[in-house]
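Student: Below is one structure. I have some questions about it.
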Amino acid sequence: MTQTTVKVQDLRHTWPGGNEVLAIDSFALEHGESVFLAGPSGSGKSTLLGLIAGITPVQTGSIEVLGQRMDPARPQARDRLRADQIGMIFQLFNLVPYLTAVDNVLLPLTFSDRRDKAAGADAAAKQAEAKRLLGALGLAEETWERASSNLSVGQQQRVGAARALIGSPGLIVADEPTSALDDDSRDDFLNLLSGIARENGASLLFVSHDRSLATRFDRFADLAEINHAGEMA
């Protein structure tokens with residue numbers, strides 16, 4: 001039976017003092033599937049990702065990740081599920097500037113026993129896995145021990161992707177991660193990211209406003225079509 005990685009049902013979200021930003025009846029991401037989610041700036045893409053990742057509590061409706069509910073009343077359980085099963089690639093990367101590329105990649109393992117065990121049996125094996133991912137994503141070996149603040153934008157982006165992938169999380173969430181890259185670097189990165197996610201059996205939810213990238217994914221979803229916020233009943 002195909003396992004559903006993300007299941008969204010009857011989701012409604014309104015920020016305090018504002019209008020409803022999300023009204024999604026149904027959205028799903030299957031095991032091992034890569035989905036390109038499109039939407040212009042301000043359409044609620046980042047809000048949806050925050051809800052799926054359990055960073056923002058669900059107000060109305062439900063979200064399940066790998067069969068576990070993102071329960072708004074249980075923030076610690078949401079944090080644990082995110083640490084164990086969700087690798088996040090941010091638009092601004094959010095690397096620790098004084099840590100090396102390798103140490104930034106290893107950082108999620110300190111928050112999750114599950115990912116720590118999946119990454120390797122001992123410290124040497126975990127280091128080797130971090131370096132394997134960095135190499136697979138095209139980061140030159142001579143940069144692996146540099147502080148992330150001394151890396152280029154493209155290099156930092158690859159570190160952020162390796163950090164999301166280490167420990168084999170079931171879901172990779174990418175929020176506009178290629179916006180700062182030139183076309184050639186962007187294409188190379190997307191090919192590598194999709195390939196490694198597929199090898200690891202992870203589902204990939206990639207969010208962007210650049211619809212020209214959509215053909216690289218298994219499925220295209222338009223947030224404007226699934227989000228009915230603001231529509232009259």
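FYI, nothing fancy with the structure tokens labels: chains A, B, ... in order, residues from 1 per chain, ligands from 1 as they appear.
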Excluding Gly195 of chain A and its own-chain neighbours fewer than 5 positions away, which residues fall within 12 Å of it when counting only C-alpha atoms? Please give them as a PyMOL selection string.

Tutor: chain A and resi 32-34+133+136-137+165+188-190+200-204+216-217

Student: Output N, CA, C and O atoms for every residue in that selection, as a PDB file, in the first residue's frame.

Tutor:
```pdb
ATOM      1  N   GLY A  32       7.640   9.045  -1.497  1.00  0.00           N
ATOM      2  CA  GLY A  32       8.604   9.075  -2.584  1.00  0.00           C
ATOM      3  C   GLY A  32       8.279  10.032  -3.704  1.00  0.00           C
ATOM      4  O   GLY A  32       9.043  10.155  -4.670  1.00  0.00           O
ATOM      5  N   GLU A  33       7.176  10.755  -3.603  1.00  0.00           N
ATOM      6  CA  GLU A  33       6.737  11.657  -4.669  1.00  0.00           C
ATOM      7  C   GLU A  33       7.409  13.020  -4.525  1.00  0.00           C
ATOM      8  O   GLU A  33       7.654  13.505  -3.421  1.00  0.00           O
ATOM      9  N   SER A  34       7.706  13.648  -5.668  1.00  0.00           N
ATOM     10  CA  SER A  34       8.189  15.029  -5.662  1.00  0.00           C
ATOM     11  C   SER A  34       7.114  15.920  -6.275  1.00  0.00           C
ATOM     12  O   SER A  34       6.622  15.647  -7.370  1.00  0.00           O
ATOM     13  N   LEU A 133      27.181  13.450   1.299  1.00  0.00           N
ATOM     14  CA  LEU A 133      26.092  14.299   0.815  1.00  0.00           C
ATOM     15  C   LEU A 133      26.624  15.600   0.218  1.00  0.00           C
ATOM     16  O   LEU A 133      26.153  16.041  -0.837  1.00  0.00           O
ATOM     17  N   ALA A 136      28.059  14.745  -3.111  1.00  0.00           N
ATOM     18  CA  ALA A 136      27.009  14.413  -4.070  1.00  0.00           C
ATOM     19  C   ALA A 136      26.280  15.656  -4.559  1.00  0.00           C
ATOM     20  O   ALA A 136      25.790  15.694  -5.695  1.00  0.00           O
ATOM     21  N   LEU A 137      26.207  16.673  -3.702  1.00  0.00           N
ATOM     22  CA  LEU A 137      25.541  17.924  -4.069  1.00  0.00           C
ATOM     23  C   LEU A 137      26.483  18.918  -4.744  1.00  0.00           C
ATOM     24  O   LEU A 137      26.101  20.056  -5.005  1.00  0.00           O
ATOM     25  N   LEU A 165      18.935  16.646   4.197  1.00  0.00           N
ATOM     26  CA  LEU A 165      18.877  15.255   3.747  1.00  0.00           C
ATOM     27  C   LEU A 165      19.487  14.263   4.724  1.00  0.00           C
ATOM     28  O   LEU A 165      19.146  13.076   4.695  1.00  0.00           O
ATOM     29  N   ASP A 188      21.614  22.426 -12.003  1.00  0.00           N
ATOM     30  CA  ASP A 188      22.466  21.383 -11.417  1.00  0.00           C
ATOM     31  C   ASP A 188      21.976  21.007 -10.030  1.00  0.00           C
ATOM     32  O   ASP A 188      21.889  19.820  -9.677  1.00  0.00           O
ATOM     33  N   PHE A 189      21.655  22.016  -9.248  1.00  0.00           N
ATOM     34  CA  PHE A 189      21.210  21.771  -7.873  1.00  0.00           C
ATOM     35  C   PHE A 189      19.909  20.979  -7.850  1.00  0.00           C
ATOM     36  O   PHE A 189      19.762  20.025  -7.071  1.00  0.00           O
ATOM     37  N   LEU A 190      18.952  21.345  -8.694  1.00  0.00           N
ATOM     38  CA  LEU A 190      17.665  20.646  -8.707  1.00  0.00           C
ATOM     39  C   LEU A 190      17.825  19.188  -9.116  1.00  0.00           C
ATOM     40  O   LEU A 190      17.174  18.303  -8.544  1.00  0.00           O
ATOM     41  N   ASN A 200      17.010   8.277  -1.283  1.00  0.00           N
ATOM     42  CA  ASN A 200      16.716   8.107   0.143  1.00  0.00           C
ATOM     43  C   ASN A 200      15.265   7.720   0.409  1.00  0.00           C
ATOM     44  O   ASN A 200      14.880   7.496   1.558  1.00  0.00           O
ATOM     45  N   GLY A 201      14.440   7.667  -0.641  1.00  0.00           N
ATOM     46  CA  GLY A 201      13.031   7.337  -0.468  1.00  0.00           C
ATOM     47  C   GLY A 201      12.222   8.437   0.167  1.00  0.00           C
ATOM     48  O   GLY A 201      11.142   8.188   0.729  1.00  0.00           O
ATOM     49  N   ALA A 202      12.725   9.675   0.099  1.00  0.00           N
ATOM     50  CA  ALA A 202      12.035  10.803   0.731  1.00  0.00           C
ATOM     51  C   ALA A 202      11.059  11.449  -0.246  1.00  0.00           C
ATOM     52  O   ALA A 202      11.298  11.498  -1.455  1.00  0.00           O
ATOM     53  N   SER A 203       9.973  11.960   0.287  1.00  0.00           N
ATOM     54  CA  SER A 203       9.065  12.798  -0.497  1.00  0.00           C
ATOM     55  C   SER A 203       9.623  14.216  -0.502  1.00  0.00           C
ATOM     56  O   SER A 203      10.217  14.666   0.479  1.00  0.00           O
ATOM     57  N   LEU A 204       9.419  14.923  -1.611  1.00  0.00           N
ATOM     58  CA  LEU A 204       9.961  16.276  -1.769  1.00  0.00           C
ATOM     59  C   LEU A 204       8.840  17.240  -2.109  1.00  0.00           C
ATOM     60  O   LEU A 204       8.144  17.060  -3.107  1.00  0.00           O
ATOM     61  N   ARG A 216      10.520  19.360 -13.704  1.00  0.00           N
ATOM     62  CA  ARG A 216      11.521  18.514 -13.063  1.00  0.00           C
ATOM     63  C   ARG A 216      10.922  17.653 -11.938  1.00  0.00           C
ATOM     64  O   ARG A 216      11.643  16.864 -11.329  1.00  0.00           O
ATOM     65  N   PHE A 217       9.637  17.808 -11.689  1.00  0.00           N
ATOM     66  CA  PHE A 217       9.010  17.130 -10.561  1.00  0.00           C
ATOM     67  C   PHE A 217       7.931  16.167 -11.040  1.00  0.00           C
ATOM     68  O   PHE A 217       7.442  16.262 -12.155  1.00  0.00           O
TER      69      PHE A 217
END
```

Student: Could you write out, as a PyMOL selection string, all the residues of segment 2-225 of chain A that DSSP marks as strand (DSSP E or B)?

Tutor: chain A and resi 4-14+20-30+34-38+60-65+68-69+86-89+100+147+171-175+203-208+219-222

Student: Quick one: of A:Thr110, A:Ser168, A:Asn19, A:Thr178, who's nearest to Phe90 of chain A, counting only C-alpha atoms?

Tutor: A:Thr178

Student: What is the distance, in Å and to one decimal place, between atom CA of Glu199 of chain A and atom CA of Val173 of chain A?

Tutor: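 Those two atoms sit 16.1 Å apart.
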
Student: Enumerate, in order of chain and increasing residue number, the residues of segment 128-172 of chain A with an atom no farther than 10 Å from segment 106-109 of chain A, each with its shortest atom pair and distance in Å to one decimal, counting only C-alpha atoms, as a tab-separated table.

Tutor:
```
residue	atom	partner	partner_atom	distance
A:Glu129	CA	A:Leu106	CA	9.0
A:Ala130	CA	A:Leu106	CA	6.5
A:Lys131	CA	A:Leu106	CA	9.8
A:Ala162	CA	A:Leu106	CA	9.0
A:Arg163	CA	A:Leu106	CA	6.7
A:Ala164	CA	A:Pro108	CA	7.9
A:Leu165	CA	A:Pro108	CA	9.6
A:Ile166	CA	A:Leu106	CA	7.4
A:Gly167	CA	A:Leu109	CA	7.2
```

Student: Please save all heavy atoms of the selected residues as a PDB file, in the first residue's frame.

Tutor:
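Final output, selection_5.pdb:
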```pdb
ATOM      1  N   GLU A 129      29.102  10.337   6.171  1.00  0.00           N
ATOM      2  CA  GLU A 129      27.819  10.551   5.519  1.00  0.00           C
ATOM      3  C   GLU A 129      27.619  12.026   5.178  1.00  0.00           C
ATOM      4  O   GLU A 129      27.131  12.360   4.091  1.00  0.00           O
ATOM      5  CB  GLU A 129      26.678  10.043   6.400  1.00  0.00           C
ATOM      6  CG  GLU A 129      25.274  10.321   5.890  1.00  0.00           C
ATOM      7  CD  GLU A 129      24.946   9.653   4.560  1.00  0.00           C
ATOM      8  OE1 GLU A 129      25.787   8.894   4.027  1.00  0.00           O
ATOM      9  OE2 GLU A 129      23.841   9.910   4.047  1.00  0.00           O
ATOM     10  N   ALA A 130      27.991  12.916   6.095  1.00  0.00           N
ATOM     11  CA  ALA A 130      27.884  14.354   5.815  1.00  0.00           C
ATOM     12  C   ALA A 130      28.737  14.726   4.602  1.00  0.00           C
ATOM     13  O   ALA A 130      28.294  15.474   3.714  1.00  0.00           O
ATOM     14  CB  ALA A 130      28.315  15.159   7.045  1.00  0.00           C
ATOM     15  N   LYS A 131      29.933  14.200   4.540  1.00  0.00           N
ATOM     16  CA  LYS A 131      30.827  14.505   3.425  1.00  0.00           C
ATOM     17  C   LYS A 131      30.320  13.878   2.123  1.00  0.00           C
ATOM     18  O   LYS A 131      30.456  14.471   1.048  1.00  0.00           O
ATOM     19  CB  LYS A 131      32.237  14.022   3.751  1.00  0.00           C
ATOM     20  CG  LYS A 131      32.881  14.813   4.885  1.00  0.00           C
ATOM     21  CD  LYS A 131      34.234  14.237   5.293  1.00  0.00           C
ATOM     22  CE  LYS A 131      34.850  15.045   6.429  1.00  0.00           C
ATOM     23  NZ  LYS A 131      36.152  14.483   6.874  1.00  0.00           N
ATOM     24  N   ALA A 162      22.219  19.489   2.077  1.00  0.00           N
ATOM     25  CA  ALA A 162      22.804  18.305   2.715  1.00  0.00           C
ATOM     26  C   ALA A 162      22.318  18.173   4.154  1.00  0.00           C
ATOM     27  O   ALA A 162      22.043  17.070   4.634  1.00  0.00           O
ATOM     28  CB  ALA A 162      24.325  18.381   2.669  1.00  0.00           C
ATOM     29  N   ARG A 163      22.199  19.291   4.844  1.00  0.00           N
ATOM     30  CA  ARG A 163      21.694  19.295   6.224  1.00  0.00           C
ATOM     31  C   ARG A 163      20.263  18.762   6.277  1.00  0.00           C
ATOM     32  O   ARG A 163      19.890  18.024   7.196  1.00  0.00           O
ATOM     33  CB  ARG A 163      21.746  20.717   6.793  1.00  0.00           C
ATOM     34  CG  ARG A 163      21.255  20.845   8.233  1.00  0.00           C
ATOM     35  CD  ARG A 163      21.253  22.299   8.685  1.00  0.00           C
ATOM     36  NE  ARG A 163      20.392  23.123   7.836  1.00  0.00           N
ATOM     37  CZ  ARG A 163      20.308  24.447   7.934  1.00  0.00           C
ATOM     38  NH1 ARG A 163      21.048  25.091   8.812  1.00  0.00           N
ATOM     39  NH2 ARG A 163      19.504  25.122   7.137  1.00  0.00           N
ATOM     40  N   ALA A 164      19.448  19.135   5.288  1.00  0.00           N
ATOM     41  CA  ALA A 164      18.060  18.650   5.254  1.00  0.00           C
ATOM     42  C   ALA A 164      17.987  17.159   4.969  1.00  0.00           C
ATOM     43  O   ALA A 164      17.074  16.472   5.438  1.00  0.00           O
ATOM     44  CB  ALA A 164      17.278  19.422   4.200  1.00  0.00           C
ATOM     45  N   LEU A 165      18.935  16.646   4.197  1.00  0.00           N
ATOM     46  CA  LEU A 165      18.877  15.255   3.747  1.00  0.00           C
ATOM     47  C   LEU A 165      19.487  14.263   4.724  1.00  0.00           C
ATOM     48  O   LEU A 165      19.146  13.076   4.695  1.00  0.00           O
ATOM     49  CB  LEU A 165      19.597  15.137   2.399  1.00  0.00           C
ATOM     50  CG  LEU A 165      18.879  15.769   1.199  1.00  0.00           C
ATOM     51  CD1 LEU A 165      19.862  16.004   0.064  1.00  0.00           C
ATOM     52  CD2 LEU A 165      17.736  14.890   0.742  1.00  0.00           C
ATOM     53  N   ILE A 166      20.396  14.704   5.591  1.00  0.00           N
ATOM     54  CA  ILE A 166      21.108  13.747   6.435  1.00  0.00           C
ATOM     55  C   ILE A 166      20.147  13.054   7.414  1.00  0.00           C
ATOM     56  O   ILE A 166      19.181  13.653   7.899  1.00  0.00           O
ATOM     57  CB  ILE A 166      22.267  14.435   7.203  1.00  0.00           C
ATOM     58  CG1 ILE A 166      23.239  13.369   7.724  1.00  0.00           C
ATOM     59  CG2 ILE A 166      21.748  15.327   8.324  1.00  0.00           C
ATOM     60  CD1 ILE A 166      24.563  13.924   8.195  1.00  0.00           C
ATOM     61  N   GLY A 167      20.410  11.783   7.647  1.00  0.00           N
ATOM     62  CA  GLY A 167      19.569  11.022   8.561  1.00  0.00           C
ATOM     63  C   GLY A 167      18.278  10.524   7.955  1.00  0.00           C
ATOM     64  O   GLY A 167      17.392  10.042   8.666  1.00  0.00           O
TER      65      GLY A 167
END
```

Student: Can you tell me, as a ChimeraX atom specification, what residues are no more than 8 Å from segment 47-60 of chain A when counting only C-alpha atoms, ignoring any on the same chain fewer than 2 positions away?

Tutor: /A:6,10-13,22,44-45,62-65,70-72,75,78-79,82,86,173,175

Student: Write the selection just made, keeping C-alpha atoms, as a PDB file, in the first residue's frame?

Tutor:
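The result, written out as result_8.pdb:
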```
ATOM      1  CA  VAL A   6       1.524  14.549   3.839  1.00  0.00           C
ATOM      2  CA  ASP A  10     -10.243  20.964   5.644  1.00  0.00           C
ATOM      3  CA  LEU A  11      -7.425  23.347   6.542  1.00  0.00           C
ATOM      4  CA  ARG A  12      -8.270  26.948   7.410  1.00  0.00           C
ATOM      5  CA  HIS A  13      -5.813  29.566   8.677  1.00  0.00           C
ATOM      6  CA  LEU A  22      -5.544  29.480   3.624  1.00  0.00           C
ATOM      7  CA  GLY A  44       0.268  31.634   1.536  1.00  0.00           C
ATOM      8  CA  LYS A  45       3.012  29.242   0.409  1.00  0.00           C
ATOM      9  CA  SER A  62      -5.935  18.568  10.159  1.00  0.00           C
ATOM     10  CA  ILE A  63      -2.443  17.851   8.843  1.00  0.00           C
ATOM     11  CA  GLU A  64      -0.765  14.462   9.057  1.00  0.00           C
ATOM     12  CA  VAL A  65       2.893  13.757   8.266  1.00  0.00           C
ATOM     13  CA  MET A  70       0.364  17.755  13.711  1.00  0.00           C
ATOM     14  CA  ASP A  71      -1.630  18.274  16.888  1.00  0.00           C
ATOM     15  CA  PRO A  72      -2.032  21.980  17.750  1.00  0.00           C
ATOM     16  CA  PRO A  75       3.806  21.460  20.524  1.00  0.00           C
ATOM     17  CA  ARG A  78       5.153  18.509  16.667  1.00  0.00           C
ATOM     18  CA  ASP A  79       8.747  19.487  17.415  1.00  0.00           C
ATOM     19  CA  ARG A  82       9.741  17.779  12.676  1.00  0.00           C
ATOM     20  CA  ILE A  86      11.274  16.703   8.153  1.00  0.00           C
ATOM     21  CA  VAL A 173      10.468  20.733   2.342  1.00  0.00           C
ATOM     22  CA  ASP A 175      11.012  26.997   0.341  1.00  0.00           C
TER      23      ASP A 175
END
```

Student: Taking only C-alpha atoms into account, name the residue in A:Glu176, A:Asp182, A:Asp210, A:Asp25 that is nearest to Gln91 of chain A.

Tutor: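 Between A:Glu176, A:Asp182, A:Asp210, A:Asp25, the residue approaching Gln91 of chain A most closely is A:Glu176.
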
Student: With only C-alpha atoms as the atoms that count, which of A:Leu134, A:Ala147, A:Ala229, A:Ala123 lies nearest to Ala161 of chain A?

Tutor: A:Leu134

Student: Which one of A:Thr14, A:Asn191, A:Thr100, A:Asn94 sits closest to Asn150 of chain A if you count only C-alpha atoms?

Tutor: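 With only C-alpha atoms as the atom set, the closest residue is A:Thr100.
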
Student: Would you please work out which residue, of A:Val159, A:Leu139, A:Leu29, A:Leu81, is nearest to Pro97 of chain A when using only C-alpha atoms?

Tutor: A:Val159

Student: Select, from A:Arg114, A:Asp103, A:Gly61, A:Val21, the residue with the minimum atom-to-atom distance to Arg80 of chain A, counting only C-alpha atoms.

Tutor: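 Using only C-alpha atoms, the shortest distance to Arg80 of chain A belongs to A:Arg114.
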